[in-house]
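Asks: One structure is given below, represented as structure tokens, and several questions about it will come after.
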Amino acid sequence: MRPLTATYRVQLNKQFTLSDARGIVPYLDRLGVSHLYCSPILAARPGSTHGYDVIDPKRVNPEIGSIDDLRALAAALHERGMGILLDIVPNHMGIGPSNGYWEDVLTHGQRSRYARWFDVDWEAADHKLILPVLGDELDRVLERDEITLDVKEKTPRLCYFDNSWPVDPATLPNELQLAKLDPTAVSDPAIFFRGEDGRRRLHALLDAQHYRLVFWRRGPTEINYRRFFDVNELAALRQEDSEVFAATHELILSLVGDGVVDGLRVDHVDGLLDPLGYLERLREEVERRAPAKDGAAPFPIVVEKILTPGEKLRRSWPVQGTTGYEYLNDLEDIFLHRDGYAAIERGYRSLRRLTSGDFADVAHAGKVKILEGALRADVERLARRLQPLATNPSIEAKALTNGIVQFIAALPVYRTYVDGRSPAPDADDVAVLDRAVQVASERASGERNTVVDLIRDIVVDASSEARLGFVQRLQQTSGPATAKGVEDTALYVYVPLASRNEVGGAPDRPLDDAVGRFHRANSERACSWPSALTCTNTHDTKRSADLRARLDVLSECAPEWQRCVARWRRLNQRHRSTVKGRLAPDTNTEYLLYQTLIGIWPTPRPGRRVDDMPDRAWLESARERLEQYMLKAVKEAKTRTSWTEPDETYESALKQFIAAILAGTDESPFLSDVARFVGHIATAGHWNALARLLVHATSPGVPDTYQGDEIWFFALVDPDNRRPVDYGRRDQLLSAVASPGATRGLHPSDERLKLGMVQRLLNIRRDHAALFAAGRYAPLEVRGAHADHVVAFARSTDAAHAIVIAPRLVQGLLLENRSLPDWADTEIVLPESMRRDSYRAVLEDRDLTVPGVSPALALSAVLTDLPVTLLLSS
């Protein structure tokens, strides 16, 4: 097996199956990939496009293929020395009629052998499961005869439009028991439930079930099973139960033992009651089946863990690292101009007339909104656990819930990791607890909240079973609150520069030392987590890396961007309408729309006019994509419409506005103005993207490429970033750039240049695995007139060196012909151990002579063909 040097993520579904994945193995091998990184493969809800809604952990999803197809894929990869990194989902399952385990719990309640699988607070609702699935209150639903009984199935089912639930056979009336045994005994079983008496009988049958059907609006306060965030269709599992772990991991572990799977990615590890306990059990089971041979690296396990700025992954976790969102955000910041971003934010706040509050306030408000809304039942469940622990037994429930909300909203991380293993919590946990208390106090004008203080004290001293039980549930609630309150609310509400609004991102993080921060994080990764994944795109990112790279350029031309926004708002004001006395779209939505439009706008074609317009087919496709994205954005923002409280009039006005501004009539120069502006920033955006590509491929960690991102990829949040990938075309392009020097002279916007760089870099990384996997990391000093416009570092072993040189903030340096800048006296200072008389410029396939073993490399001599370079000692 090849070492884990580079992964390639694919989304498996019925449009792209295991057989389809096997078909691209030769292409991925040529590209330089070591491991195919697959989305979940277990049986999922019918029609699932992602696989995170597993319904049966004991079989492969038939929509993507069979176990034999999986083994054939593994064999094809192994034949080429490659492997499979598999995404697994321990936190939750998709529920519904297709999930037999859930169905058994609905049928038999706590008597079901699978009741222990699901994280249900049975005592909260008289030992019943609360299902918020009705479109109205139950009595009104019954009055309209909308619920019926189907006795034809093996297990009788209660039916409500397209939904149905099993009936406990023991609760079926005798008359219908007979009808089930002999369908001719009762000509029409529905007669039994007609009229007032029939409705009473149906109500009694409903009352006898192990679940309670309620109006969907009651869900936030009454639902009594833990979910993935606030998604009712994804019920949480109790992986802390060894029997549940064994049953849900049986197939995955057998695939590990059979050598079919070569690495695991653990989804949403923060959702688990005891992440460390789970990971220790997983590592033990994996090592038992696939023990590391002498001198070999351990079986790779990485976790999807969102680290907030400054947070560190726990060293006690037996994993190789995270999936890399912290890397994504550290890397993004180096392409942002500090003063330019500050100017953009000032202009944005002025445009929206925001005289107070900042992103931290928006994030705090977003978390409070989620905790008091979609997660209200989880908060009240915590309050019931907290009540017996309170020093003041007469404290009101309202005060407890408010204190819990304020504590979680003030917590600067997704969760803490107190687990009762040691008498004192980790110092990192204590630090964030104290920070939460401080923030909560500051937001209360200096007043201390006694409940917040109480929670802090309980987390610090979780010495009793009751205390630990509360803390563990608190930790399972704070993560979803942050994910939904910040990622899926605040990052859509506060958007001065959307390229900063990524998963795990902090748009308010200072940019003064972005490059230094990036170097420090890379140095730590090289020492502590050399096999962690690093990403720039994932299936969950809100914008693709290439799109963000273009938006980053706005920080270098802030005044021009602000003038454009003002001009475009004037040109398009006639397309706005009024909904409920307010403009539609609102200022924030219109501002985000303009960023999104320039992000996906096609790159100007070389040799064409600066205001060259895309064709009508592109504009129609853009309209559909923008509508889909912007409707999702405004629903996530929850300021004018939402998923649960949709304002169809506002949404319709937004769609009409998008259609109108893309119509491109002769009376409006808007689209040609957009084309000119994109033409002005596009080349710098491509430089950013190519620089990011080089840095990503050579940094400590294992670079992951998201499906299709090996050529220019300007995509928005899902489902836009999950569109089918044309591998036939990519394979042809790869053949065209495979020979040495094939990319020389290509314009930065040429997709062959990006693909050729990916292929060259990943193969270099694979061929020099020891250098890039275990090599030391050292930032290199840059001096000269444009020192602030370069990031440089070295990877070294005793036998070899690699020097990485990438530009940043180049918009102001590019010459009129948009080619290479004049680097003047800018140079890279080489440590004495790296001074050579020659290096190999591997991207350009040329030798670089260093006269007199110079202590410095002049950029004017190094960056002559491409905007970036990678030098290897020869």
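Just so we're on the same page: first chain in the structure tokens is A, next is B, and so on; residues restart at 1 for each chain, and ligands are numbered from 1 in the order they show up.
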Env of Asn91 of chain A: 7 Å cut, atoms = only C-alpha atoms, seq-sep filter 3 positions within chain, self excluded. Answer as a PyMOL selection string.

Replies: chain A and resi 236-237+268+271-272

Asks: Take the residues from that selection and write them out as a PDB file, in the first residue's frame, keeping N, CA and C atoms.

Replies:
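Dumped to part28.pdb:
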ATOM      1  N   ALA A 236     -30.433  10.536  16.727  1.00  0.00           N
ATOM      2  CA  ALA A 236     -29.107  10.263  17.271  1.00  0.00           C
ATOM      3  C   ALA A 236     -29.014   8.865  17.869  1.00  0.00           C
ATOM      4  N   LEU A 237     -27.808   8.317  17.789  1.00  0.00           N
ATOM      5  CA  LEU A 237     -27.511   6.986  18.315  1.00  0.00           C
ATOM      6  C   LEU A 237     -26.712   7.083  19.612  1.00  0.00           C
ATOM      7  N   HIS A 268     -18.948  14.084  12.384  1.00  0.00           N
ATOM      8  CA  HIS A 268     -19.571  14.767  13.524  1.00  0.00           C
ATOM      9  C   HIS A 268     -19.231  14.114  14.855  1.00  0.00           C
ATOM     10  N   GLY A 271     -20.846  15.203  18.248  1.00  0.00           N
ATOM     11  CA  GLY A 271     -22.197  14.838  18.653  1.00  0.00           C
ATOM     12  C   GLY A 271     -22.247  13.709  19.662  1.00  0.00           C
ATOM     13  N   LEU A 272     -21.147  12.980  19.809  1.00  0.00           N
ATOM     14  CA  LEU A 272     -21.139  11.791  20.655  1.00  0.00           C
ATOM     15  C   LEU A 272     -21.044  12.168  22.135  1.00  0.00           C
TER      16      LEU A 272
END

Asks: Report as a ChimeraX atom specification all protein, DNA and RNA residues lying within 9 Å of segment 353-368 of chain A, evaluated on only C-alpha atoms, omitting residues in the same chain fewer than 4 positions from it.

Replies: /A:348-349,372-373,405-406,408-410,481-491,493-494,506-508,637

Asks: Okay, now the selection with N, CA and C atoms, as an mmCIF file, in the first residue's frame?

Replies:
data_model
loop_
_atom_site.group_PDB
_atom_site.id
_atom_site.type_symbol
_atom_site.label_atom_id
_atom_site.label_comp_id
_atom_site.auth_asym_id
_atom_site.auth_seq_id
_atom_site.Cartn_x
_atom_site.Cartn_y
_atom_site.Cartn_z
ATOM 1 N N TYR A 348 -19.638 48.254 4.310
ATOM 2 C CA TYR A 348 -20.789 47.347 4.467
ATOM 3 C C TYR A 348 -21.668 47.786 5.623
ATOM 4 N N ARG A 349 -21.057 48.141 6.733
ATOM 5 C CA ARG A 349 -21.824 48.568 7.900
ATOM 6 C C ARG A 349 -22.552 49.883 7.622
ATOM 7 N N GLU A 372 -33.362 29.053 21.778
ATOM 8 C CA GLU A 372 -34.725 29.388 22.213
ATOM 9 C C GLU A 372 -35.766 28.932 21.206
ATOM 10 N N GLY A 373 -35.294 28.451 20.057
ATOM 11 C CA GLY A 373 -36.208 28.001 19.019
ATOM 12 C C GLY A 373 -36.088 26.526 18.741
ATOM 13 N N VAL A 405 -29.033 28.889 28.191
ATOM 14 C CA VAL A 405 -28.931 29.571 26.895
ATOM 15 C C VAL A 405 -27.765 30.559 26.913
ATOM 16 N N GLN A 406 -27.665 31.355 27.959
ATOM 17 C CA GLN A 406 -26.610 32.361 28.017
ATOM 18 C C GLN A 406 -25.228 31.725 28.114
ATOM 19 N N ILE A 408 -24.268 28.667 26.911
ATOM 20 C CA ILE A 408 -23.901 28.073 25.623
ATOM 21 C C ILE A 408 -23.629 29.163 24.588
ATOM 22 N N ALA A 409 -24.434 30.218 24.590
ATOM 23 C CA ALA A 409 -24.238 31.294 23.617
ATOM 24 C C ALA A 409 -22.895 31.990 23.814
ATOM 25 N N ALA A 410 -22.405 32.001 25.051
ATOM 26 C CA ALA A 410 -21.133 32.666 25.336
ATOM 27 C C ALA A 410 -19.934 31.748 25.175
ATOM 28 N N ALA A 481 -25.843 24.026 18.734
ATOM 29 C CA ALA A 481 -26.192 25.446 18.862
ATOM 30 C C ALA A 481 -25.216 26.315 18.084
ATOM 31 N N THR A 482 -23.933 25.963 18.135
ATOM 32 C CA THR A 482 -22.935 26.730 17.403
ATOM 33 C C THR A 482 -23.057 26.490 15.902
ATOM 34 N N ALA A 483 -23.233 25.242 15.529
ATOM 35 C CA ALA A 483 -23.344 24.929 14.101
ATOM 36 C C ALA A 483 -24.530 25.650 13.472
ATOM 37 N N LYS A 484 -25.675 25.577 14.125
ATOM 38 C CA LYS A 484 -26.884 26.193 13.560
ATOM 39 C C LYS A 484 -26.907 27.701 13.792
ATOM 40 N N GLY A 485 -26.395 28.152 14.939
ATOM 41 C CA GLY A 485 -26.464 29.571 15.251
ATOM 42 C C GLY A 485 -25.421 30.407 14.544
ATOM 43 N N VAL A 486 -24.247 29.810 14.301
ATOM 44 C CA VAL A 486 -23.174 30.557 13.648
ATOM 45 C C VAL A 486 -23.064 30.162 12.180
ATOM 46 N N GLU A 487 -22.736 28.881 11.920
ATOM 47 C CA GLU A 487 -22.541 28.446 10.532
ATOM 48 C C GLU A 487 -23.783 28.670 9.678
ATOM 49 N N ASP A 488 -24.941 28.312 10.211
ATOM 50 C CA ASP A 488 -26.159 28.338 9.403
ATOM 51 C C ASP A 488 -27.071 29.518 9.717
ATOM 52 N N THR A 489 -26.572 30.490 10.450
ATOM 53 C CA THR A 489 -27.350 31.711 10.673
ATOM 54 C C THR A 489 -26.445 32.928 10.522
ATOM 55 N N ALA A 490 -25.531 33.125 11.481
ATOM 56 C CA ALA A 490 -24.719 34.341 11.504
ATOM 57 C C ALA A 490 -23.902 34.531 10.229
ATOM 58 N N LEU A 491 -23.378 33.445 9.675
ATOM 59 C CA LEU A 491 -22.550 33.574 8.469
ATOM 60 C C LEU A 491 -23.366 33.941 7.240
ATOM 61 N N VAL A 493 -25.967 36.225 7.839
ATOM 62 C CA VAL A 493 -26.516 37.514 8.272
ATOM 63 C C VAL A 493 -25.486 38.628 8.130
ATOM 64 N N TYR A 494 -24.219 38.312 8.379
ATOM 65 C CA TYR A 494 -23.157 39.320 8.390
ATOM 66 C C TYR A 494 -22.147 38.949 7.318
ATOM 67 N N ALA A 506 -13.968 32.677 11.152
ATOM 68 C CA ALA A 506 -14.235 33.786 12.070
ATOM 69 C C ALA A 506 -13.996 35.081 11.304
ATOM 70 N N PRO A 507 -15.041 35.657 10.703
ATOM 71 C CA PRO A 507 -14.869 36.866 9.905
ATOM 72 C C PRO A 507 -14.302 38.045 10.686
ATOM 73 N N ASP A 508 -14.324 37.948 12.010
ATOM 74 C CA ASP A 508 -13.791 39.046 12.816
ATOM 75 C C ASP A 508 -12.380 38.766 13.318
ATOM 76 N N ALA A 637 -30.510 32.753 6.974
ATOM 77 C CA ALA A 637 -30.347 34.002 7.726
ATOM 78 C C ALA A 637 -31.509 34.235 8.693
#

Asks: With only C-alpha atoms as the counted atoms, please give the residues lying no more than 12 Å from Asp126 of chain A, apart from itself and same-chain residues fewer than 2 positions off, as JSON, numbers by chain.

Replies: {"A": [109, 110, 120, 121, 122, 123, 124, 128, 129, 130, 207, 208, 209, 210, 211, 212, 222, 224]}

Asks: Keeping only N, CA, C and O atoms, write the selected residues to a file as a PDB file, in the first residue's frame.

Replies:
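Wrote it out as out_37.pdb, contents follow:
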ATOM      1  N   GLY A 109     -41.924   0.261  21.292  1.00  0.00           N
ATOM      2  CA  GLY A 109     -41.509   1.186  22.334  1.00  0.00           C
ATOM      3  C   GLY A 109     -40.272   0.720  23.064  1.00  0.00           C
ATOM      4  O   GLY A 109     -39.346   0.151  22.477  1.00  0.00           O
ATOM      5  N   GLN A 110     -40.257   0.934  24.368  1.00  0.00           N
ATOM      6  CA  GLN A 110     -39.087   0.575  25.159  1.00  0.00           C
ATOM      7  C   GLN A 110     -38.847  -0.928  25.234  1.00  0.00           C
ATOM      8  O   GLN A 110     -37.774  -1.364  25.637  1.00  0.00           O
ATOM      9  N   VAL A 120     -33.219   8.571  23.326  1.00  0.00           N
ATOM     10  CA  VAL A 120     -34.585   9.043  23.579  1.00  0.00           C
ATOM     11  C   VAL A 120     -34.764   9.325  25.071  1.00  0.00           C
ATOM     12  O   VAL A 120     -34.366   8.515  25.920  1.00  0.00           O
ATOM     13  N   ASP A 121     -35.362  10.445  25.384  1.00  0.00           N
ATOM     14  CA  ASP A 121     -35.719  10.775  26.769  1.00  0.00           C
ATOM     15  C   ASP A 121     -37.150  10.275  26.997  1.00  0.00           C
ATOM     16  O   ASP A 121     -38.116  11.028  26.916  1.00  0.00           O
ATOM     17  N   TRP A 122     -37.288   8.987  27.266  1.00  0.00           N
ATOM     18  CA  TRP A 122     -38.610   8.369  27.361  1.00  0.00           C
ATOM     19  C   TRP A 122     -39.444   8.975  28.485  1.00  0.00           C
ATOM     20  O   TRP A 122     -40.667   9.134  28.341  1.00  0.00           O
ATOM     21  N   GLU A 123     -38.816   9.337  29.585  1.00  0.00           N
ATOM     22  CA  GLU A 123     -39.576   9.829  30.729  1.00  0.00           C
ATOM     23  C   GLU A 123     -40.178  11.204  30.494  1.00  0.00           C
ATOM     24  O   GLU A 123     -41.091  11.612  31.200  1.00  0.00           O
ATOM     25  N   ALA A 124     -39.669  11.919  29.492  1.00  0.00           N
ATOM     26  CA  ALA A 124     -40.164  13.277  29.241  1.00  0.00           C
ATOM     27  C   ALA A 124     -41.571  13.288  28.661  1.00  0.00           C
ATOM     28  O   ALA A 124     -42.244  14.321  28.686  1.00  0.00           O
ATOM     29  N   LYS A 128     -43.263   7.715  25.716  1.00  0.00           N
ATOM     30  CA  LYS A 128     -43.617   7.691  24.297  1.00  0.00           C
ATOM     31  C   LYS A 128     -42.617   8.536  23.511  1.00  0.00           C
ATOM     32  O   LYS A 128     -41.981   9.448  24.056  1.00  0.00           O
ATOM     33  N   LEU A 129     -42.512   8.226  22.231  1.00  0.00           N
ATOM     34  CA  LEU A 129     -41.711   9.032  21.327  1.00  0.00           C
ATOM     35  C   LEU A 129     -42.583  10.144  20.747  1.00  0.00           C
ATOM     36  O   LEU A 129     -43.688   9.878  20.269  1.00  0.00           O
ATOM     37  N   ILE A 130     -42.089  11.364  20.794  1.00  0.00           N
ATOM     38  CA  ILE A 130     -42.831  12.487  20.213  1.00  0.00           C
ATOM     39  C   ILE A 130     -42.412  12.652  18.758  1.00  0.00           C
ATOM     40  O   ILE A 130     -41.234  12.834  18.448  1.00  0.00           O
ATOM     41  N   ASP A 207     -53.612   6.795  20.934  1.00  0.00           N
ATOM     42  CA  ASP A 207     -53.137   6.915  22.318  1.00  0.00           C
ATOM     43  C   ASP A 207     -52.444   5.648  22.797  1.00  0.00           C
ATOM     44  O   ASP A 207     -51.601   5.691  23.692  1.00  0.00           O
ATOM     45  N   ALA A 208     -52.800   4.520  22.207  1.00  0.00           N
ATOM     46  CA  ALA A 208     -52.247   3.241  22.656  1.00  0.00           C
ATOM     47  C   ALA A 208     -50.860   2.955  22.067  1.00  0.00           C
ATOM     48  O   ALA A 208     -50.208   1.994  22.484  1.00  0.00           O
ATOM     49  N   GLN A 209     -50.412   3.786  21.102  1.00  0.00           N
ATOM     50  CA  GLN A 209     -49.122   3.520  20.462  1.00  0.00           C
ATOM     51  C   GLN A 209     -47.971   3.995  21.348  1.00  0.00           C
ATOM     52  O   GLN A 209     -48.160   4.720  22.328  1.00  0.00           O
ATOM     53  N   HIS A 210     -46.781   3.597  20.969  1.00  0.00           N
ATOM     54  CA  HIS A 210     -45.587   3.967  21.730  1.00  0.00           C
ATOM     55  C   HIS A 210     -45.011   5.286  21.245  1.00  0.00           C
ATOM     56  O   HIS A 210     -43.890   5.657  21.630  1.00  0.00           O
ATOM     57  N   TYR A 211     -45.738   5.983  20.446  1.00  0.00           N
ATOM     58  CA  TYR A 211     -45.347   7.293  19.948  1.00  0.00           C
ATOM     59  C   TYR A 211     -46.571   8.189  19.967  1.00  0.00           C
ATOM     60  O   TYR A 211     -47.717   7.735  20.064  1.00  0.00           O
ATOM     61  N   ARG A 212     -46.308   9.482  19.868  1.00  0.00           N
ATOM     62  CA  ARG A 212     -47.393  10.460  19.864  1.00  0.00           C
ATOM     63  C   ARG A 212     -47.204  11.377  18.667  1.00  0.00           C
ATOM     64  O   ARG A 212     -46.158  12.036  18.525  1.00  0.00           O
ATOM     65  N   GLU A 222     -41.272  20.022  22.260  1.00  0.00           N
ATOM     66  CA  GLU A 222     -41.749  18.744  22.773  1.00  0.00           C
ATOM     67  C   GLU A 222     -40.951  17.536  22.309  1.00  0.00           C
ATOM     68  O   GLU A 222     -41.029  16.474  22.936  1.00  0.00           O
ATOM     69  N   ASN A 224     -38.538  14.592  21.922  1.00  0.00           N
ATOM     70  CA  ASN A 224     -37.792  13.992  23.030  1.00  0.00           C
ATOM     71  C   ASN A 224     -36.740  12.986  22.592  1.00  0.00           C
ATOM     72  O   ASN A 224     -36.314  12.147  23.376  1.00  0.00           O
TER      73      ASN A 224
END

Asks: Pick out the residues sitting within 10 Å of Arg609 of chain A, and hand them over as a ChimeraX atom specification; count only C-alpha atoms, and ignore anything fewer than 3 positions along from it in its own chain.

Replies: /A:604-606,612-613,675-676,679

Asks: Next, write the just-selected residues to a file, as a PDB file, in the first residue's frame, keeping N, CA, C and O atoms as the atom set.

Replies:
ATOM      1  N   PRO A 604     -13.181  36.016 -18.080  1.00  0.00           N
ATOM      2  CA  PRO A 604     -13.092  36.632 -19.412  1.00  0.00           C
ATOM      3  C   PRO A 604     -12.216  35.807 -20.346  1.00  0.00           C
ATOM      4  O   PRO A 604     -11.163  35.293 -19.944  1.00  0.00           O
ATOM      5  N   ARG A 605     -12.651  35.683 -21.573  1.00  0.00           N
ATOM      6  CA  ARG A 605     -11.899  34.905 -22.548  1.00  0.00           C
ATOM      7  C   ARG A 605     -10.758  35.744 -23.111  1.00  0.00           C
ATOM      8  O   ARG A 605     -10.962  36.911 -23.468  1.00  0.00           O
ATOM      9  N   PRO A 606      -9.535  35.172 -23.163  1.00  0.00           N
ATOM     10  CA  PRO A 606      -8.396  35.933 -23.679  1.00  0.00           C
ATOM     11  C   PRO A 606      -8.676  36.480 -25.072  1.00  0.00           C
ATOM     12  O   PRO A 606      -9.252  35.795 -25.926  1.00  0.00           O
ATOM     13  N   ASP A 612     -16.981  41.591 -22.295  1.00  0.00           N
ATOM     14  CA  ASP A 612     -17.487  40.433 -23.024  1.00  0.00           C
ATOM     15  C   ASP A 612     -18.567  39.727 -22.206  1.00  0.00           C
ATOM     16  O   ASP A 612     -18.347  39.360 -21.042  1.00  0.00           O
ATOM     17  N   MET A 613     -19.718  39.524 -22.798  1.00  0.00           N
ATOM     18  CA  MET A 613     -20.857  38.963 -22.080  1.00  0.00           C
ATOM     19  C   MET A 613     -20.954  37.451 -22.279  1.00  0.00           C
ATOM     20  O   MET A 613     -20.683  36.938 -23.362  1.00  0.00           O
ATOM     21  N   ALA A 675     -19.326  42.453 -16.016  1.00  0.00           N
ATOM     22  CA  ALA A 675     -18.292  41.804 -16.827  1.00  0.00           C
ATOM     23  C   ALA A 675     -16.980  42.571 -16.767  1.00  0.00           C
ATOM     24  O   ALA A 675     -15.901  41.975 -16.645  1.00  0.00           O
ATOM     25  N   ARG A 676     -17.049  43.906 -16.845  1.00  0.00           N
ATOM     26  CA  ARG A 676     -15.828  44.715 -16.769  1.00  0.00           C
ATOM     27  C   ARG A 676     -15.143  44.547 -15.411  1.00  0.00           C
ATOM     28  O   ARG A 676     -13.923  44.412 -15.334  1.00  0.00           O
ATOM     29  N   GLY A 679     -13.543  41.209 -15.135  1.00  0.00           N
ATOM     30  CA  GLY A 679     -12.331  41.227 -15.952  1.00  0.00           C
ATOM     31  C   GLY A 679     -11.175  41.895 -15.227  1.00  0.00           C
ATOM     32  O   GLY A 679     -10.012  41.530 -15.419  1.00  0.00           O
TER      33      GLY A 679
END

Asks: Taking a cut-off of 12 Å and counting only C-alpha atoms, can you build a table that, for each residue of segment 176-281 of chain A near segment 65-68 of chain A, reports the nearest atom pair and how far apart they are in Å (one decimal), sorted by chain then residue number, as a Markdown table?

Replies:
| residue | atom | partner | partner_atom | distance |
| --- | --- | --- | --- | --- |
| A:Leu251 | CA | A:Ile67 | CA | 10.2 |
| A:Ile252 | CA | A:Ile67 | CA | 11.4 |
| A:Ser254 | CA | A:Ile67 | CA | 11.7 |
| A:Leu255 | CA | A:Ile67 | CA | 9.7 |
| A:Val260 | CA | A:Ile67 | CA | 10.2 |

Asks: Can I get the selection written as an mmCIF file, in the first residue's frame, with C-alpha atoms?

Replies:
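Full text of part-v3.cif as output:
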data_model
loop_
_atom_site.group_PDB
_atom_site.id
_atom_site.type_symbol
_atom_site.label_atom_id
_atom_site.label_comp_id
_atom_site.auth_asym_id
_atom_site.auth_seq_id
_atom_site.Cartn_x
_atom_site.Cartn_y
_atom_site.Cartn_z
ATOM 1 C CA LEU A 251 -19.840 -4.260 8.607
ATOM 2 C CA ILE A 252 -17.390 -1.352 8.612
ATOM 3 C CA SER A 254 -15.237 -6.377 8.783
ATOM 4 C CA LEU A 255 -14.279 -4.317 5.717
ATOM 5 C CA VAL A 260 -11.161 -3.435 1.726
#

Asks: Identify which of the residues A:Leu859, A:Leu149, A:Val674, A:Leu813 lies closest to Glu827 of chain A, counting only C-alpha atoms when measuring atom-to-atom distances.

Replies: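 Closest to Glu827 of chain A of all the choices is A:Leu859.
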
Asks: For the strand (DSSP E) assignment from backbone DSSP, which residues of segment 81-186 of chain A qualify? Please present them as a VMD selection string.

Replies: chain A and resid 83 to 88 92 to 94 129 to 134 147 to 150 157 to 160 163 to 166

Asks: Any idea what's packed within 12 Å of Trp561 of chain A, counting only C-alpha atoms, ignoring anything in its chain fewer than 2 positions away? Could you give it as JSON, numbers by chain?

Replies: {"A": [340, 341, 343, 344, 345, 347, 348, 496, 497, 551, 552, 553, 554, 555, 556, 557, 558, 559, 563, 564, 565, 566, 567, 568, 591, 594, 595, 598, 673, 674, 676, 677, 678, 680, 681]}

Asks: So which residues of segment 86-243 of chain A fall under alpha helix (DSSP H) by DSSP, listed as a ChimeraX atom specification?

Replies: /A:100-108,138-143,174-181,195-207,219-222,242-243

Asks: For Pro779 of chain A, which residue out of A:Thr589, A:Asp188, A:Ala824, A:Ser523 is the nearest one, using only C-alpha atoms?

Replies: A:Ser523
